[in-house]
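K.L.:
Submitted below is the structure of interest, expressed as structure tokens.
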Amino acid sequence: MSRSADVDAPLGASDPHTTTRRAARTRFAPSPTGFQHIGGYRTALFSWLLARHTGGQFLLRIEDTDTARTVPGAVEAVIDGFRWLGLEIDEGPEVGGPYGPYFQTQRRDLYLAHAEQLIAGGHAYRCFCSPERLERVREEQRSRGEPPRYDRHCRYLAPKDIAARLAEGQGYTVRLACPTTGKTIVHDALRGDIAFENASLDDRVLLKSDGLPTYHLAHAVDDHLMEITHVLRAEEWIPSAPLHVILYDALGWEPPVFAHVPDVLASQGGKKLSKRFGALPLLEYRERGYLPQAIVNYMALLGWSYDDKSNVLSLEQLIAAFDLDRVGVAPARYDEERLLWFNGYYIRQLSPEELVEQALPFMERSEAAGGLPDSVARPLDKAYAARVLHLEQERMKTLAEAPAMTSFFFERELRYEPQTLIAKHMDADRTLDGLRRSQATLEALAGWEATEMESRLRELVAELGLKPVQLFTSLRVAVTGRTVSPPLFETMETLGRDTSMQRITLAIEALAAHAG
RNA sequence: GCCCCCAUCGUCUAGCGGCCUAGGACAUCACCCUUUCAAGGUGGAGAUCACGGGUUCGAAUCCCGUUGGGGGUACCA
């Protein structure tokens, strides 16, 4: 039996939903009309976390009913994104599952059957109105200052009239017959009850004239049939949520728990993050040298928090801690700086092996693509690259910075202004002398260890009456070509004796020539 | 226009009536460490809790209103 929406008790008012106690089946249901960005994946992450936290399942369903806007490759990209983030999908395209198919275009008979059922039950009706008439009606309403809504022209068509049009072969859509009085209550797990006047509702199209369902019908049928318990979706769905409550009721079904998660705003302006406003497709972050752990940690904290202290949280910790009750309702702003901090943090946590594994592809890219200079032979020596990367590890904010940061370890020739060899409060002559004395000191060394070089050169610094920075700056530029580098002695050790000595010799020559 | 959502440091947030002279993180500033840059450590600045009314012995926390921002208003999702 289905409750009448026109009686006093508002629809949905007494649904006693708990949020996260039972095993949750959640889903992410994107339409393949573009590429998902952080906003979309954030909602998906919350859904995934809820499923994992409760020991339930997470499914991926493709809402491809808008065939005209479907973009090739979008489905693969979504799946690739989940794989990259480390969020495994329990049921969906590619992995399959007992509730498939997971593409809505392959489920049209299901929607058709339910549409018929709704019509038979008087909860929906066929609408023969042309798009032109619809537009005209809306225009008139607007000009009168009324909210544009379907005027329900076909809702009250006589049965024989309908039969006649059908016999004629007229096309039609199927619309939901909304109650016209009373209220419908949408229970939102994050915001509580939201009340809507039924009089303000619109009899939206459930089934398009091409026989494919709109989102309203399709998602309800699928979520019910797939036994989804919690629907997490963007807050833009709140306005149509009452329709969904009515629809579930008309179908005789218990609605799932709805949680409308807040938007993620673009870093500039007050607009929602989107392709137009500051959003990058998720996989673009991979190209730019971001680590999935950083993205996940950052996204989890956009609109959700564990307590007043926790900041760094692993996926495992997130699973253990996640709770719908701690998801906020206010929109959050996308903050690149914070993401970058997380990324640097997670890069620092990488083991030497993991770091090479992750960074090598960026270094071996072509020079034009941001890799090491093309003059450097590929493939790179892994062991050497590992040592080099380890030296730069704590300075890296993204993996994509690795090539520029480490190029002097690989290049044969350095290019720099001889002037930069001279440290502050130094002159060319004293620098030249320091360099020459250093050269002799290093030459006399039996081995080539950083600690050994350091103690010998520190003795030299004292002997010359200089400050460490005065001599080491020159050596640094000589050996790396830069004023900023990893610690000098480890750098020289890694570079090797031959290269280091050769560069110091070159620096002496260059400075001598420069000083005239 | 109409409907709906939201409102604590620049940003992400903690706070669910007294623990708050509002806590943490990013960013920022200073200092320490130090061969540069980072990383790390310490400390600082930064929020009249949008505003105005209530309720209460007591409000960032509850209620109402205002303002501001956002979303929806398709045979798109």
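In the structure tokens, chains take letters A, B, ... by order of appearance, with residues numbered from 1 within each chain and ligands from 1 in the order shown.
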Please tabulate, as JSON lines, the residues of chain A that come within 6 Å of chain B, each with its closest pair of atoms and the distance in Å to one decimal, counting only C-alpha atoms (C1' of nucleotides) and ordering rows by chain, then residue number upward.
P.N.:
{"residue": "A:Gly145", "atom": "CA", "partner": "B:G1", "partner_atom": "C1'", "distance": 5.7}
{"residue": "A:Pro147", "atom": "CA", "partner": "B:C2", "partner_atom": "C1'", "distance": 5.2}
{"residue": "A:Lys208", "atom": "CA", "partner": "B:C75", "partner_atom": "C1'", "distance": 4.6}
{"residue": "A:Glu236", "atom": "CA", "partner": "B:G71", "partner_atom": "C1'", "distance": 5.4}
{"residue": "A:Pro239", "atom": "CA", "partner": "B:G72", "partner_atom": "C1'", "distance": 5.5}
{"residue": "A:Asp308", "atom": "CA", "partner": "B:A14", "partner_atom": "C1'", "distance": 4.1}
{"residue": "A:Lys309", "atom": "CA", "partner": "B:G24", "partner_atom": "C1'", "distance": 4.7}
{"residue": "A:Ala330", "atom": "CA", "partner": "B:C6", "partner_atom": "C1'", "distance": 5.4}
{"residue": "A:Arg338", "atom": "CA", "partner": "B:C26", "partner_atom": "C1'", "distance": 4.8}
{"residue": "A:Glu394", "atom": "CA", "partner": "B:A39", "partner_atom": "C1'", "distance": 5.7}
{"residue": "A:Arg395", "atom": "CA", "partner": "B:A38", "partner_atom": "C1'", "distance": 4.9}
{"residue": "A:Pro468", "atom": "CA", "partner": "B:U35", "partner_atom": "C1'", "distance": 5.8}
{"residue": "A:Val469", "atom": "CA", "partner": "B:U35", "partner_atom": "C1'", "distance": 5.1}
{"residue": "A:Phe472", "atom": "CA", "partner": "B:U35", "partner_atom": "C1'", "distance": 5.2}
{"residue": "A:Val484", "atom": "CA", "partner": "B:U36", "partner_atom": "C1'", "distance": 5.0}
K.L.:
Run DSSP on the backbone and tell me which residues of stretch 172-368 of chain A come out as helix (DSSP H, G or I); list them as a VMD selection string.
P.N.:
chain A and resid 198 to 200 215 to 225 235 to 250 282 to 287 292 to 300 315 to 321 324 to 326 336 to 349 352 to 363
K.L.:
Please tabulate, as JSON lines, the residues of stretch 216-335 of chain A that come within 10 Å of stretch 72-82 of chain A, each with its closest pair of atoms and the distance in Å to one decimal, counting only C-alpha atoms and ordering rows by chain, then residue number upward.
P.N.:
{"residue": "A:Pro281", "atom": "CA", "partner": "A:Ala77", "partner_atom": "CA", "distance": 9.4}
{"residue": "A:Leu282", "atom": "CA", "partner": "A:Gly81", "partner_atom": "CA", "distance": 6.7}
{"residue": "A:Leu283", "atom": "CA", "partner": "A:Gly81", "partner_atom": "CA", "distance": 6.2}
{"residue": "A:Glu284", "atom": "CA", "partner": "A:Gly81", "partner_atom": "CA", "distance": 9.9}
{"residue": "A:Arg286", "atom": "CA", "partner": "A:Gly81", "partner_atom": "CA", "distance": 9.4}
{"residue": "A:Pro292", "atom": "CA", "partner": "A:Gly81", "partner_atom": "CA", "distance": 9.5}
K.L.:
Could you check which of B:U28, B:C33, B:G41, B:G17 is closest to B:A59, using only C-alpha atoms (C1' of nucleotides)?
P.N.:
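Between B:U28, B:C33, B:G41, B:G17, the residue approaching B:A59 most closely is B:G17.
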K.L.:
From the set B:C64, B:A22, B:C31, B:C9, which residue has the shortest atom-to-atom contact distance to B:A45, counting only C-alpha atoms (C1' of nucleotides)?
P.N.:
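Answer, going by the shortest atom-to-atom distance: B:C9.
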K.L.:
Work out how far apart atom CA of A:Asn311 and atom CA of A:Ala266 are and give it in Å to one decimal.
P.N.:
21.8 Å
K.L.:
Provide the atom CA of A:Pro131 to atom CA of A:Leu118 distance in Å, to one decimal place.
P.N.:
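Between atom CA of A:Pro131 and atom CA of A:Leu118 the gap works out to 22.8 Å.
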K.L.:
State, in Å with one decimal place, the distance from atom CA of A:Ala120 to atom CA of A:His187.
P.N.:
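A separation of 27.9 Å between them.
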K.L.:
Using DSSP assignments from the backbone, pull out every residue in stretch 142-339 of chain A that falls under strand (DSSP E) and give it to me as a ChimeraX atom specification.
P.N.:
/A:173-176,183-188,192-197,205-207,230-234,257-261,264-265,332-333
K.L.:
Under the rule that only C-alpha atoms (C1' of nucleotides) are counted, which of B:U42, B:C16, B:U21, B:U48 is the nearest residue to B:C62?
P.N.:
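Nearest to B:C62: B:C16.
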K.L.:
Please provide the set of residues having any atom within 9 Å of A:Arg476, restricted to only C-alpha atoms (C1' of nucleotides), with same-chain residues fewer than 5 positions apart removed, written as JSON, numbers by chain.
P.N.:
{"A": [421, 471, 481, 482, 483, 484, 485, 487, 488, 491, 492], "B": [35, 36]}
K.L.:
Dump N, CA, C and O atoms (P, O5', C5', C4', C3', O3' and C1' of nucleotides) for the selected residues as a compact mmCIF listing (two decimals), in the first residue's frame?
P.N.:
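File part_9.txt, as written:
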# COMPACT_ATOMS: atom_id res chain seq x y z
N LEU A 421 79.85 32.58 -8.60
CA LEU A 421 80.81 31.80 -7.81
C LEU A 421 81.30 32.59 -6.59
O LEU A 421 81.75 32.02 -5.61
N LEU A 471 83.14 29.92 1.58
CA LEU A 471 83.81 28.97 0.69
C LEU A 471 82.81 27.99 0.06
O LEU A 471 82.88 27.68 -1.13
N GLY A 481 76.37 24.42 -10.36
CA GLY A 481 75.95 25.48 -11.26
C GLY A 481 74.84 26.32 -10.66
O GLY A 481 74.28 27.19 -11.31
N ARG A 482 74.49 26.05 -9.42
CA ARG A 482 73.37 26.77 -8.79
C ARG A 482 73.74 27.25 -7.39
O ARG A 482 74.64 26.72 -6.76
N THR A 483 72.98 28.22 -6.95
CA THR A 483 73.20 28.72 -5.60
C THR A 483 72.37 27.94 -4.58
O THR A 483 72.57 28.05 -3.39
N VAL A 484 71.41 27.19 -5.09
CA VAL A 484 70.57 26.37 -4.22
C VAL A 484 70.74 24.92 -4.61
O VAL A 484 70.63 24.58 -5.79
N SER A 485 71.01 24.08 -3.64
CA SER A 485 71.22 22.66 -3.94
C SER A 485 71.06 21.85 -2.67
O SER A 485 70.94 22.41 -1.58
N PRO A 487 72.59 19.43 0.32
CA PRO A 487 73.85 19.61 1.07
C PRO A 487 75.05 19.31 0.18
O PRO A 487 75.09 18.30 -0.52
N LEU A 488 76.03 20.20 0.24
CA LEU A 488 77.17 20.17 -0.67
C LEU A 488 77.97 18.86 -0.71
O LEU A 488 78.25 18.34 -1.78
N THR A 491 76.19 15.93 -2.09
CA THR A 491 76.03 16.17 -3.52
C THR A 491 77.30 15.77 -4.27
O THR A 491 77.26 15.09 -5.30
N MET A 492 78.44 16.19 -3.73
CA MET A 492 79.72 15.86 -4.38
C MET A 492 79.98 14.36 -4.34
O MET A 492 80.47 13.78 -5.30
P U B 35 76.99 25.02 9.05
O5' U B 35 76.69 25.64 7.63
C5' U B 35 77.43 26.75 7.14
C4' U B 35 77.27 26.83 5.65
C3' U B 35 75.84 26.65 5.19
O3' U B 35 75.16 27.89 5.20
C1' U B 35 77.30 25.26 3.91
P U B 36 73.62 27.99 5.42
O5' U B 36 73.05 28.16 3.94
C5' U B 36 73.39 29.32 3.17
C4' U B 36 72.80 29.16 1.79
C3' U B 36 71.32 28.83 1.78
O3' U B 36 70.53 30.01 1.85
C1' U B 36 72.49 27.35 0.33
K.L.:
Using only C-alpha atoms (C1' of nucleotides), which of B:G52, B:G44, B:G65, B:G18 sits nearest B:A30?
P.N.:
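Of the candidates, the smallest distance to B:A30 is held by B:G44.
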K.L.:
Quick one: of A:Ala512, A:Val356, A:Cys178, A:Met226, who's nearest to A:Pro98, counting only C-alpha atoms?
P.N.:
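Nearest candidate to A:Pro98 out of A:Ala512, A:Val356, A:Cys178, A:Met226: A:Met226.
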K.L.:
I'd like the contact shell of A:Thr65 - 8 Å cut-off, only C-alpha atoms (C1' of nucleotides), skipping same-chain residues fewer than 3 positions apart - returned as a list of chain:residue names.
P.N.:
A:Ser31, A:Gln104, A:Thr105, A:Leu212, A:Pro213, A:Thr214, A:Tyr215
K.L.:
Pull all heavy atoms from the residues just selected and write them as a PDB file, in the first residue's frame.
P.N.:
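Final output, result36.pdb:
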ATOM      1  N   SER A  31      27.614  10.698 -15.063  1.00  0.00           N
ATOM      2  CA  SER A  31      27.197  10.604 -16.461  1.00  0.00           C
ATOM      3  C   SER A  31      28.480  10.833 -17.257  1.00  0.00           C
ATOM      4  O   SER A  31      29.280  11.698 -16.913  1.00  0.00           O
ATOM      5  CB  SER A  31      26.149  11.655 -16.791  1.00  0.00           C
ATOM      6  OG  SER A  31      26.719  12.935 -16.811  1.00  0.00           O
ATOM      7  N   GLN A 104      23.162   2.451 -17.728  1.00  0.00           N
ATOM      8  CA  GLN A 104      21.721   2.665 -17.788  1.00  0.00           C
ATOM      9  C   GLN A 104      21.125   2.426 -19.168  1.00  0.00           C
ATOM     10  O   GLN A 104      19.979   2.014 -19.282  1.00  0.00           O
ATOM     11  CB  GLN A 104      21.376   4.061 -17.270  1.00  0.00           C
ATOM     12  CG  GLN A 104      21.635   4.180 -15.781  1.00  0.00           C
ATOM     13  CD  GLN A 104      21.136   5.477 -15.192  1.00  0.00           C
ATOM     14  OE1 GLN A 104      21.153   6.518 -15.858  1.00  0.00           O
ATOM     15  NE2 GLN A 104      20.715   5.441 -13.938  1.00  0.00           N
ATOM     16  N   THR A 105      21.915   2.681 -20.192  1.00  0.00           N
ATOM     17  CA  THR A 105      21.370   2.453 -21.527  1.00  0.00           C
ATOM     18  C   THR A 105      21.081   0.967 -21.769  1.00  0.00           C
ATOM     19  O   THR A 105      20.345   0.614 -22.688  1.00  0.00           O
ATOM     20  CB  THR A 105      22.338   2.952 -22.631  1.00  0.00           C
ATOM     21  OG1 THR A 105      23.666   2.543 -22.300  1.00  0.00           O
ATOM     22  CG2 THR A 105      22.285   4.458 -22.749  1.00  0.00           C
ATOM     23  N   LEU A 212      14.056   6.533 -23.280  1.00  0.00           N
ATOM     24  CA  LEU A 212      15.077   6.471 -22.228  1.00  0.00           C
ATOM     25  C   LEU A 212      14.596   7.289 -21.028  1.00  0.00           C
ATOM     26  O   LEU A 212      13.880   8.269 -21.188  1.00  0.00           O
ATOM     27  CB  LEU A 212      16.412   7.020 -22.741  1.00  0.00           C
ATOM     28  CG  LEU A 212      17.246   6.057 -23.598  1.00  0.00           C
ATOM     29  CD1 LEU A 212      18.426   6.790 -24.221  1.00  0.00           C
ATOM     30  CD2 LEU A 212      17.738   4.886 -22.760  1.00  0.00           C
ATOM     31  N   PRO A 213      14.983   6.882 -19.858  1.00  0.00           N
ATOM     32  CA  PRO A 213      14.534   7.570 -18.651  1.00  0.00           C
ATOM     33  C   PRO A 213      15.341   8.836 -18.402  1.00  0.00           C
ATOM     34  O   PRO A 213      16.458   8.978 -18.894  1.00  0.00           O
ATOM     35  CB  PRO A 213      14.823   6.550 -17.562  1.00  0.00           C
ATOM     36  CG  PRO A 213      16.073   5.883 -18.047  1.00  0.00           C
ATOM     37  CD  PRO A 213      15.893   5.755 -19.536  1.00  0.00           C
ATOM     38  N   THR A 214      14.789   9.742 -17.617  1.00  0.00           N
ATOM     39  CA  THR A 214      15.583  10.864 -17.136  1.00  0.00           C
ATOM     40  C   THR A 214      16.220  10.371 -15.847  1.00  0.00           C
ATOM     41  O   THR A 214      15.907   9.294 -15.347  1.00  0.00           O
ATOM     42  CB  THR A 214      14.702  12.085 -16.801  1.00  0.00           C
ATOM     43  OG1 THR A 214      13.746  11.695 -15.818  1.00  0.00           O
ATOM     44  CG2 THR A 214      14.004  12.614 -18.038  1.00  0.00           C
ATOM     45  N   TYR A 215      17.085  11.208 -15.307  1.00  0.00           N
ATOM     46  CA  TYR A 215      17.775  10.869 -14.063  1.00  0.00           C
ATOM     47  C   TYR A 215      16.801  10.442 -12.971  1.00  0.00           C
ATOM     48  O   TYR A 215      17.033   9.467 -12.256  1.00  0.00           O
ATOM     49  CB  TYR A 215      18.573  12.083 -13.580  1.00  0.00           C
ATOM     50  CG  TYR A 215      19.153  11.902 -12.197  1.00  0.00           C
ATOM     51  CD1 TYR A 215      20.369  11.253 -12.019  1.00  0.00           C
ATOM     52  CD2 TYR A 215      18.471  12.370 -11.066  1.00  0.00           C
ATOM     53  CE1 TYR A 215      20.894  11.062 -10.754  1.00  0.00           C
ATOM     54  CE2 TYR A 215      18.993  12.179  -9.792  1.00  0.00           C
ATOM     55  CZ  TYR A 215      20.195  11.525  -9.641  1.00  0.00           C
ATOM     56  OH  TYR A 215      20.704  11.341  -8.380  1.00  0.00           O
TER      57      TYR A 215
END
K.L.:
Skip A:Glu401 itself and residues of its chain fewer than 2 positions away, then list as a count of residues only all residues within 12 Å of it, counting only C-alpha atoms (C1' of nucleotides).
P.N.:
30
K.L.:
When you look at A:Ala294 with a cut-off of 10 Å (counting only C-alpha atoms (C1' of nucleotides)), what residues show up, excluding the ones that are within fewer than 6 positions of it in the same chain? I need them as number ranges by chain.
P.N.:
A: 85, 300, 312-314, 338-347
